[in-house]
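Below is data11.cif, holding mmCIF, C-alpha atoms and all ligand atoms.
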data_work
loop_
_atom_site.label_atom_id
_atom_site.label_comp_id
_atom_site.auth_asym_id
_atom_site.auth_seq_id
_atom_site.Cartn_x
_atom_site.Cartn_y
_atom_site.Cartn_z
CA MET E 15 -15.36 5.75 -65.94
CA LYS E 16 -11.98 4.06 -66.59
CA LYS E 17 -10.17 2.91 -63.46
CA VAL E 18 -6.39 3.24 -63.08
CA LEU E 19 -4.42 1.38 -60.42
CA ILE E 20 -1.29 3.29 -59.45
CA THR E 21 1.11 1.21 -57.37
CA GLY E 22 3.31 3.46 -55.24
CA GLY E 23 0.68 6.14 -55.78
CA ALA E 24 1.31 7.80 -52.41
CA GLY E 25 4.78 8.73 -53.62
CA PHE E 26 6.10 11.65 -55.59
CA ILE E 27 5.43 10.64 -59.21
CA GLY E 28 2.39 8.49 -58.40
CA SER E 29 0.45 11.17 -56.54
CA HIS E 30 0.97 13.77 -59.26
CA THR E 31 -0.01 11.19 -61.89
CA ALA E 32 -3.16 10.42 -59.91
CA ASP E 33 -4.07 14.11 -59.79
CA LEU E 34 -3.74 14.62 -63.54
CA LEU E 35 -5.63 11.43 -64.37
CA SER E 36 -8.36 12.30 -61.90
CA SER E 37 -8.75 15.78 -63.42
CA LYS E 38 -9.21 14.06 -66.79
CA GLY E 39 -12.06 11.92 -65.44
CA TYR E 40 -10.30 8.66 -64.57
CA SER E 41 -11.14 6.88 -61.35
CA ILE E 42 -8.04 6.35 -59.21
CA ARG E 43 -7.04 3.42 -57.02
CA ILE E 44 -3.74 3.57 -55.16
CA LEU E 45 -1.81 0.67 -53.64
CA ASP E 46 1.06 1.73 -51.38
CA ASN E 47 2.72 0.25 -48.30
CA LEU E 48 3.56 3.71 -46.87
CA GLU E 49 6.86 2.40 -45.55
CA PRO E 50 9.54 4.60 -43.99
CA PRO E 51 11.74 6.40 -44.84
CA VAL E 52 9.54 7.87 -47.61
CA HIS E 53 6.39 7.74 -45.41
CA ASP E 54 5.56 7.03 -41.77
CA PHE E 55 2.81 4.41 -42.42
CA GLU E 56 0.23 7.21 -42.84
CA TRP E 57 -1.33 8.46 -46.06
CA PRO E 58 0.26 11.83 -46.85
CA ASN E 59 -2.01 14.90 -46.68
CA TYR E 60 -1.80 15.47 -50.42
CA ILE E 61 -3.54 12.10 -50.99
CA LYS E 62 -6.02 11.94 -48.11
CA SER E 63 -8.54 14.50 -49.24
CA ARG E 64 -8.86 13.52 -52.91
CA GLY E 65 -11.44 10.76 -52.71
CA TYR E 66 -9.18 8.12 -54.27
CA ASP E 67 -9.68 4.43 -53.51
CA LEU E 68 -6.76 3.84 -51.15
CA ILE E 69 -5.33 0.40 -50.39
CA LYS E 70 -2.56 0.16 -47.83
CA GLY E 71 -0.44 -2.89 -48.58
CA ASP E 72 2.61 -4.34 -50.16
CA VAL E 73 2.89 -4.81 -53.88
CA THR E 74 4.49 -8.22 -53.30
CA ASP E 75 1.48 -9.50 -51.33
CA LYS E 76 -0.47 -11.55 -53.86
CA LYS E 77 -3.82 -11.34 -52.08
CA ILE E 78 -3.66 -7.58 -51.67
CA LEU E 79 -2.40 -7.08 -55.22
CA THR E 80 -5.21 -9.27 -56.57
CA ASN E 81 -7.80 -7.08 -54.84
CA ALA E 82 -6.07 -3.98 -56.14
CA LEU E 83 -6.06 -5.27 -59.73
CA ARG E 84 -9.74 -6.28 -59.71
CA ASP E 85 -11.87 -4.08 -62.04
CA THR E 86 -8.95 -1.94 -63.17
CA ASP E 87 -8.53 -0.87 -66.79
CA TYR E 88 -4.95 0.41 -66.58
CA VAL E 89 -2.02 -0.17 -64.25
CA ILE E 90 0.79 2.30 -63.68
CA HIS E 91 3.42 0.35 -61.76
CA LEU E 92 5.53 2.83 -59.82
CA ALA E 93 6.04 1.14 -56.43
CA ALA E 94 9.73 0.46 -56.06
CA HIS E 95 12.50 -0.03 -53.61
CA GLN E 96 15.05 2.71 -54.20
CA ASP E 97 18.20 3.34 -52.24
CA GLN E 98 21.89 2.79 -52.54
CA MET E 99 22.36 0.48 -49.57
CA PRO E 100 23.75 -3.04 -49.85
CA ASN E 101 20.29 -4.67 -49.42
CA PHE E 102 20.58 -6.14 -52.94
CA SER E 103 17.77 -8.71 -52.75
CA LYS E 104 15.10 -6.18 -51.78
CA PHE E 105 15.39 -4.47 -55.16
CA PHE E 106 14.45 -7.68 -56.96
CA MET E 107 11.76 -8.66 -54.44
CA THR E 108 9.98 -5.34 -54.67
CA ASN E 109 10.72 -4.11 -58.18
CA THR E 110 10.92 -7.30 -60.23
CA VAL E 111 8.85 -9.92 -58.39
CA SER E 112 5.97 -7.44 -58.15
CA THR E 113 6.02 -7.04 -61.95
CA ALA E 114 5.84 -10.81 -62.42
CA LEU E 115 3.01 -11.00 -59.88
CA ILE E 116 0.96 -8.44 -61.79
CA PHE E 117 1.05 -10.66 -64.90
CA GLU E 118 0.45 -13.80 -62.87
CA ILE E 119 -2.66 -12.33 -61.25
CA ILE E 120 -4.02 -10.90 -64.49
CA MET E 121 -3.64 -14.28 -66.21
CA GLU E 122 -4.99 -16.39 -63.32
CA ASN E 123 -8.07 -14.22 -62.88
CA LYS E 124 -8.53 -13.28 -66.54
CA PHE E 125 -8.64 -9.63 -65.49
CA PRO E 126 -9.32 -7.47 -68.57
CA VAL E 127 -6.44 -5.01 -67.93
CA LYS E 128 -5.97 -2.92 -71.08
CA LYS E 129 -2.46 -1.70 -70.46
CA LEU E 130 0.51 -1.71 -68.05
CA VAL E 131 2.82 1.29 -67.76
CA TYR E 132 6.15 0.73 -66.02
CA SER E 133 8.48 3.27 -64.43
CA SER E 134 12.01 2.37 -65.32
CA SER E 135 15.04 4.56 -65.01
CA GLN E 136 17.85 6.21 -66.91
CA PHE E 137 19.99 4.18 -64.52
CA VAL E 138 19.63 1.11 -66.77
CA TYR E 139 22.21 2.64 -69.14
CA GLY E 140 24.93 2.85 -66.52
CA ASP E 141 27.70 4.97 -68.00
CA GLY E 142 26.36 4.29 -71.49
CA ILE E 143 28.45 4.58 -74.64
CA TYR E 144 31.69 6.59 -74.82
CA VAL E 145 33.75 7.41 -77.89
CA SER E 146 37.53 6.95 -77.68
CA SER E 147 40.08 9.46 -78.98
CA SER E 148 40.39 7.29 -82.11
CA GLY E 149 36.60 7.41 -82.69
CA LYS E 150 35.77 3.91 -81.40
CA GLU E 151 32.59 3.37 -79.36
CA PHE E 152 32.90 1.45 -76.10
CA PHE E 153 30.90 0.67 -72.95
CA PRO E 154 32.97 1.72 -69.95
CA GLU E 155 33.03 -0.34 -66.79
CA LEU E 156 32.12 1.26 -63.48
CA ARG E 157 34.99 3.48 -62.39
CA THR E 158 37.23 1.74 -59.88
CA GLU E 159 37.45 2.66 -56.22
CA LYS E 160 41.15 3.42 -56.80
CA GLN E 161 40.28 5.84 -59.62
CA MET E 162 37.70 7.59 -57.44
CA LYS E 163 40.09 7.86 -54.48
CA GLU E 164 42.65 9.45 -56.80
CA LYS E 165 39.94 11.97 -57.87
CA ASN E 166 40.38 10.81 -61.42
CA TRP E 167 36.73 11.33 -62.29
CA GLU E 168 36.55 11.11 -66.06
CA ILE E 169 36.23 8.03 -68.26
CA PHE E 170 39.39 7.13 -70.20
CA ASP E 171 39.96 5.07 -73.34
CA ASP E 172 42.56 2.34 -73.99
CA GLU E 173 45.19 4.98 -74.69
CA ASN E 174 44.41 6.64 -71.35
CA LYS E 175 42.92 9.65 -73.12
CA GLN E 176 39.66 11.20 -71.95
CA ALA E 177 36.75 9.64 -73.84
CA LYS E 178 33.61 11.44 -75.02
CA PHE E 179 30.19 10.82 -73.45
CA THR E 180 27.20 10.27 -75.75
CA GLU E 181 23.53 10.73 -74.83
CA PHE E 182 21.54 7.59 -74.01
CA ASN E 183 19.10 6.31 -76.60
CA GLU E 184 16.53 3.58 -76.18
CA GLU E 185 18.14 1.22 -78.69
CA GLN E 186 21.58 1.03 -77.11
CA LYS E 187 22.90 -1.75 -74.91
CA VAL E 188 22.08 -1.34 -71.23
CA ASN E 189 24.76 -1.63 -68.56
CA PRO E 190 23.34 -0.90 -65.06
CA THR E 191 25.86 -0.21 -62.35
CA ASN E 192 23.75 -1.27 -59.36
CA SER E 193 20.98 -3.59 -58.16
CA TYR E 194 18.34 -0.90 -58.62
CA GLY E 195 19.13 -0.60 -62.34
CA LEU E 196 19.40 -4.37 -62.70
CA SER E 197 16.00 -4.90 -61.09
CA LYS E 198 14.48 -2.33 -63.46
CA ILE E 199 15.92 -3.87 -66.62
CA ALA E 200 14.78 -7.33 -65.50
CA SER E 201 11.26 -5.92 -65.12
CA GLU E 202 11.43 -4.21 -68.51
CA GLU E 203 12.38 -7.44 -70.27
CA MET E 204 9.67 -9.36 -68.44
CA LEU E 205 7.03 -6.78 -69.32
CA LEU E 206 7.86 -6.87 -73.01
CA ARG E 207 8.11 -10.65 -73.17
CA LEU E 208 4.99 -11.50 -71.16
CA GLY E 209 3.04 -8.56 -72.56
CA LYS E 210 3.65 -9.66 -76.13
CA THR E 211 3.10 -13.34 -75.39
CA TYR E 212 -0.23 -12.77 -73.66
CA GLY E 213 -1.44 -9.77 -75.66
CA ILE E 214 -1.32 -7.22 -72.82
CA PRO E 215 0.03 -3.88 -74.09
CA VAL E 216 2.87 -2.42 -72.03
CA SER E 217 4.83 0.84 -72.15
CA ILE E 218 8.13 1.45 -70.40
CA LEU E 219 9.35 4.87 -69.36
CA ARG E 220 12.98 5.44 -68.45
CA TYR E 221 12.84 8.61 -66.39
CA SER E 222 15.86 10.85 -65.94
CA ILE E 223 16.09 12.63 -62.58
CA VAL E 224 12.55 13.73 -61.79
CA GLN E 225 12.09 16.90 -59.76
CA GLY E 226 9.30 18.80 -58.03
CA ALA E 227 7.17 19.08 -54.91
CA ARG E 228 6.26 15.99 -52.83
CA GLN E 229 9.59 14.27 -53.36
CA SER E 230 10.22 12.94 -49.89
CA PRO E 231 13.25 14.60 -48.31
CA ARG E 232 13.72 11.38 -46.34
CA ASN E 233 14.24 9.31 -49.48
CA VAL E 234 18.00 8.81 -49.46
CA TYR E 235 17.93 7.75 -53.08
CA SER E 236 16.45 10.99 -54.38
CA GLY E 237 19.22 13.11 -55.74
CA ALA E 238 20.77 16.52 -55.94
CA LEU E 239 17.56 18.54 -55.60
CA ARG E 240 16.65 16.99 -52.25
CA ILE E 241 20.20 17.11 -50.93
CA PHE E 242 21.02 20.65 -52.03
CA VAL E 243 17.68 22.25 -51.14
CA THR E 244 17.52 20.75 -47.65
CA GLN E 245 21.15 21.73 -47.01
CA ALA E 246 20.59 25.24 -48.39
CA LEU E 247 17.45 25.79 -46.30
CA ALA E 248 19.12 24.41 -43.17
CA GLY E 249 22.06 26.77 -43.69
CA ARG E 250 24.46 23.83 -43.99
CA PRO E 251 27.17 23.46 -46.69
CA ILE E 252 25.83 22.32 -50.06
CA THR E 253 27.87 19.18 -50.69
CA VAL E 254 28.73 18.42 -54.30
CA THR E 255 30.23 15.02 -55.20
CA GLU E 256 33.31 14.44 -57.41
CA ASP E 257 34.49 17.71 -58.99
CA GLY E 258 30.97 18.96 -59.78
CA ASN E 259 31.59 18.77 -63.52
CA GLN E 260 29.47 15.65 -63.96
CA LEU E 261 26.46 16.23 -66.21
CA ARG E 262 22.88 15.28 -65.40
CA ASP E 263 19.54 15.95 -67.06
CA PHE E 264 16.59 16.89 -64.92
CA VAL E 265 12.93 16.56 -65.80
CA ASN E 266 10.07 18.32 -64.07
CA ILE E 267 7.30 16.25 -62.51
CA GLU E 268 4.57 17.92 -64.63
CA ASP E 269 6.34 16.78 -67.79
CA VAL E 270 6.73 13.25 -66.43
CA VAL E 271 3.08 13.03 -65.52
CA ARG E 272 2.06 14.06 -69.04
CA ALA E 273 4.28 11.28 -70.40
CA ASN E 274 2.62 8.75 -68.07
CA VAL E 275 -0.83 9.74 -69.24
CA LEU E 276 0.24 9.66 -72.88
CA MET E 277 1.18 5.99 -72.46
CA ILE E 278 -2.39 5.19 -71.45
CA GLU E 279 -4.05 7.29 -74.11
CA ASP E 280 -1.91 6.67 -77.21
CA SER E 281 -1.73 3.14 -78.60
CA ARG E 282 1.37 4.05 -80.64
CA THR E 283 3.21 3.61 -77.32
CA ASP E 284 2.25 -0.08 -76.96
CA PHE E 285 5.31 -2.33 -76.44
CA GLU E 286 7.69 0.64 -76.62
CA ARG E 287 10.34 2.06 -74.28
CA TYR E 288 10.87 5.81 -73.99
CA ASN E 289 13.41 8.05 -72.32
CA VAL E 290 11.69 10.82 -70.35
CA GLY E 291 14.20 13.57 -69.66
CA GLY E 292 14.72 17.30 -69.69
CA GLY E 293 16.66 17.25 -72.96
CA LYS E 294 19.62 19.21 -71.60
CA GLY E 295 22.66 18.43 -69.44
CA TYR E 296 23.67 20.56 -66.44
CA LYS E 297 26.90 20.41 -64.47
CA ILE E 298 26.07 19.43 -60.90
CA LYS E 299 28.09 22.34 -59.53
CA ASP E 300 26.03 24.76 -61.66
CA PHE E 301 22.86 23.13 -60.38
CA ALA E 302 24.14 23.69 -56.82
CA GLU E 303 24.62 27.38 -57.67
CA MET E 304 21.04 27.52 -59.00
CA VAL E 305 19.72 26.05 -55.74
CA LYS E 306 21.76 28.47 -53.66
CA LYS E 307 20.48 31.43 -55.65
CA ILE E 308 16.81 30.41 -55.79
CA THR E 309 16.66 29.53 -52.09
CA ASN E 310 18.50 32.74 -51.24
CA SER E 311 20.90 30.73 -49.10
CA SER E 312 24.22 31.82 -47.69
CA SER E 313 25.49 28.19 -47.51
CA GLU E 314 28.90 27.55 -48.99
CA ILE E 315 29.14 25.11 -51.91
CA LEU E 316 31.54 22.39 -50.79
CA ILE E 317 33.39 20.41 -53.46
CA ASP E 318 35.78 18.25 -51.43
CA GLY E 319 36.23 15.10 -53.51
CA ARG E 320 33.49 13.01 -51.87
CA TYR E 321 31.89 10.46 -54.18
CA ARG E 322 29.30 7.70 -54.35
CA ARG E 323 30.67 4.33 -55.38
CA THR E 324 28.14 3.43 -58.10
CA ASP E 325 27.44 6.88 -59.51
CA THR E 326 27.86 7.25 -63.25
CA ARG E 327 30.01 10.11 -64.49
CA HIS E 328 27.51 11.68 -66.87
CA ALA E 329 23.85 10.93 -67.57
CA ILE E 330 21.82 12.67 -70.26
CA SER E 331 19.00 11.00 -72.17
CA ASP E 332 18.15 11.56 -75.80
CA ILE E 333 14.41 12.28 -75.73
CA SER E 334 13.72 12.47 -79.47
CA LYS E 335 11.69 9.23 -79.55
CA LEU E 336 9.11 10.59 -77.09
CA LYS E 337 9.20 14.04 -78.71
CA ASN E 338 8.21 12.38 -82.01
CA LEU E 339 4.85 11.61 -80.37
CA GLY E 340 4.26 15.29 -79.64
CA TRP E 341 5.48 15.30 -76.02
CA CYS E 342 8.03 17.93 -75.03
CA PRO E 343 9.52 18.99 -71.66
CA GLU E 344 7.92 22.34 -70.85
CA ASN E 345 9.35 23.16 -67.43
CA THR E 346 12.80 24.24 -66.27
CA PRO E 347 14.97 23.02 -63.37
CA GLU E 348 14.59 26.55 -61.92
CA LYS E 349 10.85 25.93 -61.59
CA SER E 350 11.48 22.50 -60.01
CA ILE E 351 13.86 24.03 -57.45
CA LYS E 352 11.38 26.76 -56.55
CA ASP E 353 8.41 24.37 -56.31
CA TYR E 354 10.41 21.91 -54.19
CA ALA E 355 11.83 24.56 -51.85
CA ASP E 356 8.36 26.13 -51.38
CA TRP E 357 6.89 22.72 -50.58
CA ILE E 358 9.65 21.82 -48.12
CA LYS E 359 9.08 25.11 -46.31
CA LYS E 360 5.31 24.68 -46.29
CA GLU E 361 5.48 21.14 -44.86
CA ASN E 362 7.65 22.28 -41.95
CA PHE E 363 10.08 19.37 -42.11
CA ASN E 364 12.75 19.17 -39.44
CA LEU E 365 15.60 20.10 -41.76
CA GLU E 366 18.37 19.66 -39.22
CA GLU E 367 17.25 16.08 -38.60
CA ILE E 368 16.89 15.39 -42.33
CA VAL E 369 20.32 16.73 -43.23
CA THR E 370 21.97 14.87 -40.33
CA ASN E 371 20.23 11.56 -41.15
CA ALA E 372 21.06 11.94 -44.84
CA LYS E 373 24.72 12.41 -43.91
CA LYS E 374 24.64 9.26 -41.73
CA SER E 375 22.99 7.17 -44.47
CA SER E 376 25.33 8.48 -47.12
CA GLU E 377 28.17 6.87 -45.19
CA GLU E 378 26.53 3.50 -45.95
CA LEU E 379 25.98 4.18 -49.65
CA VAL E 380 27.43 1.73 -52.11
N1 LIG E 401 12.09 10.21 -58.90
C1 LIG E 401 12.98 9.93 -59.84
O1 LIG E 401 13.88 10.73 -60.13
C2 LIG E 401 12.89 8.62 -60.59
C3 LIG E 401 13.78 8.40 -61.64
C4 LIG E 401 13.72 7.20 -62.34
C5 LIG E 401 12.77 6.25 -62.00
N2 LIG E 401 11.92 6.50 -60.97
C6 LIG E 401 10.93 5.46 -60.66
O2 LIG E 401 9.64 6.04 -60.57
C7 LIG E 401 8.86 5.35 -59.58
C8 LIG E 401 8.27 6.32 -58.58
O3 LIG E 401 9.34 7.00 -57.93
P1 LIG E 401 9.10 8.23 -56.96
O4 LIG E 401 10.18 9.20 -57.23
O5 LIG E 401 7.68 8.66 -57.03
O6 LIG E 401 9.44 7.56 -55.57
P2 LIG E 401 8.61 7.60 -54.20
O7 LIG E 401 9.46 6.92 -53.20
O8 LIG E 401 8.14 8.97 -53.90
O9 LIG E 401 7.35 6.70 -54.53
C9 LIG E 401 7.40 5.29 -54.53
C10 LIG E 401 6.21 4.79 -53.75
O10 LIG E 401 6.24 3.36 -53.76
C11 LIG E 401 5.85 2.93 -52.48
N3 LIG E 401 6.38 1.57 -52.26
C12 LIG E 401 7.67 1.21 -52.13
N4 LIG E 401 7.76 -0.11 -51.93
C13 LIG E 401 6.49 -0.59 -51.95
C14 LIG E 401 5.94 -1.87 -51.78
N5 LIG E 401 6.71 -2.95 -51.57
N6 LIG E 401 4.59 -2.01 -51.85
C15 LIG E 401 3.79 -0.93 -52.07
N7 LIG E 401 4.27 0.33 -52.21
C16 LIG E 401 5.61 0.48 -52.16
C17 LIG E 401 6.44 3.94 -51.52
O11 LIG E 401 5.79 3.93 -50.27
C18 LIG E 401 6.25 5.23 -52.28
O12 LIG E 401 5.03 5.87 -51.95
C19 LIG E 401 9.79 4.30 -58.97
O13 LIG E 401 9.56 3.08 -59.60
C20 LIG E 401 11.17 4.80 -59.31
O14 LIG E 401 12.09 3.74 -59.41
C21 LIG E 401 11.95 7.65 -60.26
#

Take the structure in the file and give it back as structure tokens.
Amino acid sequence: MKKVLITGGAGFIGSHTADLLSSKGYSIRILDNLEPPVHDFEWPNYIKSRGYDLIKGDVTDKKILTNALRDTDYVIHLAAHQDQMPNFSKFFMTNTVSTALIFEIIMENKFPVKKLVYSSSQFVYGDGIYVSSSGKEFFPELRTEKQMKEKNWEIFDDENKQAKFTEFNEEQKVNPTNSYGLSKIASEEMLLRLGKTYGIPVSILRYSIVQGARQSPRNVYSGALRIFVTQALAGRPITVTEDGNQLRDFVNIEDVVRANVLMIEDSRTDFERYNVGGGKGYKIKDFAEMVKKITNSSSEILIDGRYRRTDTRHAISDISKLKNLGWCPENTPEKSIKDYADWIKKENFNLEEIVTNAKKSSEELV
């Protein structure tokens, strides 16, 4: 039986990946530190009863990581620090140093790991490529605080005309707008370099916004689905940033999990990077309407000019490279909203507390 180590496997994407792999006959080992705010140092119920080999520990602890990597055939490295607070160094400690450690341990111990799969993010593109009114491509800088305060949300070209967004593709230059994205791209480059040098196949997945059940409502970094659903269920205003016309693509967890498994099972994916998205852009304000309708909420949708400093204006990934391998997103955002809302209700979270804490933390967001 092939053994897969999933770092961060107690989390949203990791636990679903474990379940699919287990149903296909893989043996599962999970390494997770179960830190707040995502967890409360306890294994979540959806992990406890599955019979997985569970290791509680930090992915930056070399001794613990060495034990976790022993006798594993594949590694899916999902453990990551994710928020938008100004704790810049923690992103690199957790997300990048851990990636280096995995290689270090494999090499030192001559562990026969067959493949590493890494969870990167659409965030590495930043605002991506825009096309000016005269047809010239350019890479916009992060919008200025002044621009945001003036509610001037769009991206403009040299002639101060609104420029046109283009979908992200894997070959384009990356331009992350925050430490999270920077830590991910540093890991990506390290994986490809060390993997090729030492003959360890790697695959890199740049997920768009992943949605579905088990996404911790306490994870401040998780996006519109968590914010809107918890607000809608708590009967509080659904707060939309900017003017709500920003575009995002959403991908359902079941589709993401199939992509993860494909990386292990298809050697055409060795040393490649793939976007994993929903293939379609939605305006955030329309997504808020979808949440309101599906949750049957009477909350008002509040668009009052609030913003997050490092948010990109639009983010949609071109998924044709992954589709060429036969993968295709099969689930809709409507399904994700329903699954997530059902799960939140079932778990009996204290929604008032969650919405209030989220509001407090959002005041610290960078
Ligand atoms: N969810 C998304 O929309 C999305 C989008 C792009 C990329 N990603 C990436 O996918 C991966 C999984 O994300 P997720 O949505 O499942 O998040 P999650 O928070 O639900 O899961 C991450 C898990 O990693 C664990 N973890 C964090 N730091 C750790 C450490 N130092 N040692 C051991 N475990 C640690 C957490 O306890 C958690 O269980 C992350 O790398 C994330 O950056 C997620």

### Message
Counting all atoms listed in the file, what are the residues, protein, DNA or RNA alike, that approach ligand LIG 401 (chain E) to within 7 Å? I want them as an MDAnalysis selection string.
### Response
chainID E and resid 21:28 45:49 52:53 71:74 92:96 108 133:136 220:225 229:230 233 236

### Spatial neighbours of Tyr40 (chain E), max dist 9 Å, all atoms listed in the file, sep filter under 5 positions, as number ranges by chain
E: 15-18, 32, 34-35

### Task
Identify, on the basis of all atoms listed in the file, every residue whose closest approach to Lys352 (chain E) does not exceed 9 Å; exclude the query and any residue fewer than 2 positions from it along the same chain; express the result as an NGL selection string.
:E and (226-227 or 305 or 308-309 or 347-350 or 354-357)

### Message
Calculated over only C-alpha atoms, which of the candidates E:Ser193, E:Asn109, E:Ser334, E:Thr180 has the smallest distance to Glu151 (chain E)?
### Response
E:Thr180

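From CA of Phe170 (chain E) back to CA of Ala329 (chain E), the distance works out to 16.2 Å.
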
### Message
I'd like the interatomic distance between CA of Phe102 (chain E) and CA of Tyr321 (chain E), to a tenth of an Å.
### Response
20.1 Å

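Considering all atoms listed in the file, the residue among E:Asn338, E:Trp57, E:Leu79, E:Ser36 positioned nearest to Phe117 (chain E) is E:Leu79.
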
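Separating CA of Ile252 (chain E) from CA of Gln161 (chain E) is a distance of 23.9 Å.
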
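With all atoms listed in the file as the atoms that count, the minimum distance from Arg250 (chain E) to the choices E:Glu122, E:Glu303, E:Glu314, E:Glu173 is reached by E:Glu314.
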
Return as lines of an AutoDock Vina configuration file the centre and edge lengths, in Å with one decimal, of the box along x, y and z that encloses every atom of region 349-366 of chain E in the file, padded by 8 Å per side.
center_x = 11.8
center_y = 23.0
center_z = -50.4
size_x = 29.1
size_y = 23.6
size_z = 38.4

### Task
Mind checking which residues fall within 8 Å of Asp332 (chain E), counting all atoms listed in the file, ignoring those fewer than 3 positions away in the same chain, and posting them as a ChimeraX atom specification?
/E:181-183,289,291,293,335

Generate the coordinates of N, CA, C and O atoms for region 314-325 of chain E; report them as a compact mmCIF listing (two decimals), in the frame of the given file.
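Listed below is the output, part20.txt:
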# COMPACT_ATOMS: atom_id res chain seq x y z
N GLU E 314 27.79 27.68 -48.04
CA GLU E 314 28.90 27.55 -48.99
C GLU E 314 28.66 26.30 -49.85
O GLU E 314 27.97 25.36 -49.42
N ILE E 315 29.21 26.31 -51.07
CA ILE E 315 29.14 25.11 -51.91
C ILE E 315 30.45 24.36 -51.73
O ILE E 315 31.52 24.87 -52.04
N LEU E 316 30.34 23.14 -51.18
CA LEU E 316 31.54 22.39 -50.79
C LEU E 316 31.83 21.31 -51.83
O LEU E 316 31.03 20.39 -52.03
N ILE E 317 32.98 21.44 -52.49
CA ILE E 317 33.39 20.41 -53.46
C ILE E 317 34.70 19.85 -52.92
O ILE E 317 35.77 20.43 -53.11
N ASP E 318 34.60 18.72 -52.15
CA ASP E 318 35.78 18.25 -51.43
C ASP E 318 36.20 16.84 -51.83
O ASP E 318 36.88 16.16 -51.07
N GLY E 319 35.75 16.40 -53.01
CA GLY E 319 36.23 15.10 -53.51
C GLY E 319 35.43 13.91 -53.01
O GLY E 319 35.78 12.77 -53.29
N ARG E 320 34.32 14.14 -52.29
CA ARG E 320 33.49 13.01 -51.87
C ARG E 320 32.85 12.39 -53.11
O ARG E 320 32.68 13.07 -54.13
N TYR E 321 32.49 11.12 -53.02
CA TYR E 321 31.89 10.46 -54.18
C TYR E 321 30.98 9.34 -53.72
O TYR E 321 31.02 8.94 -52.55
N ARG E 322 30.13 8.86 -54.65
CA ARG E 322 29.30 7.70 -54.35
C ARG E 322 29.75 6.58 -55.29
O ARG E 322 29.84 6.79 -56.50
N ARG E 323 29.99 5.43 -54.69
CA ARG E 323 30.67 4.33 -55.38
C ARG E 323 30.05 3.97 -56.74
O ARG E 323 30.77 3.71 -57.70
N THR E 324 28.73 3.91 -56.85
CA THR E 324 28.14 3.43 -58.10
C THR E 324 27.57 4.56 -58.96
O THR E 324 26.81 4.31 -59.89
N ASP E 325 27.91 5.78 -58.67
CA ASP E 325 27.44 6.88 -59.51
C ASP E 325 28.07 6.80 -60.90
O ASP E 325 29.25 6.44 -61.03
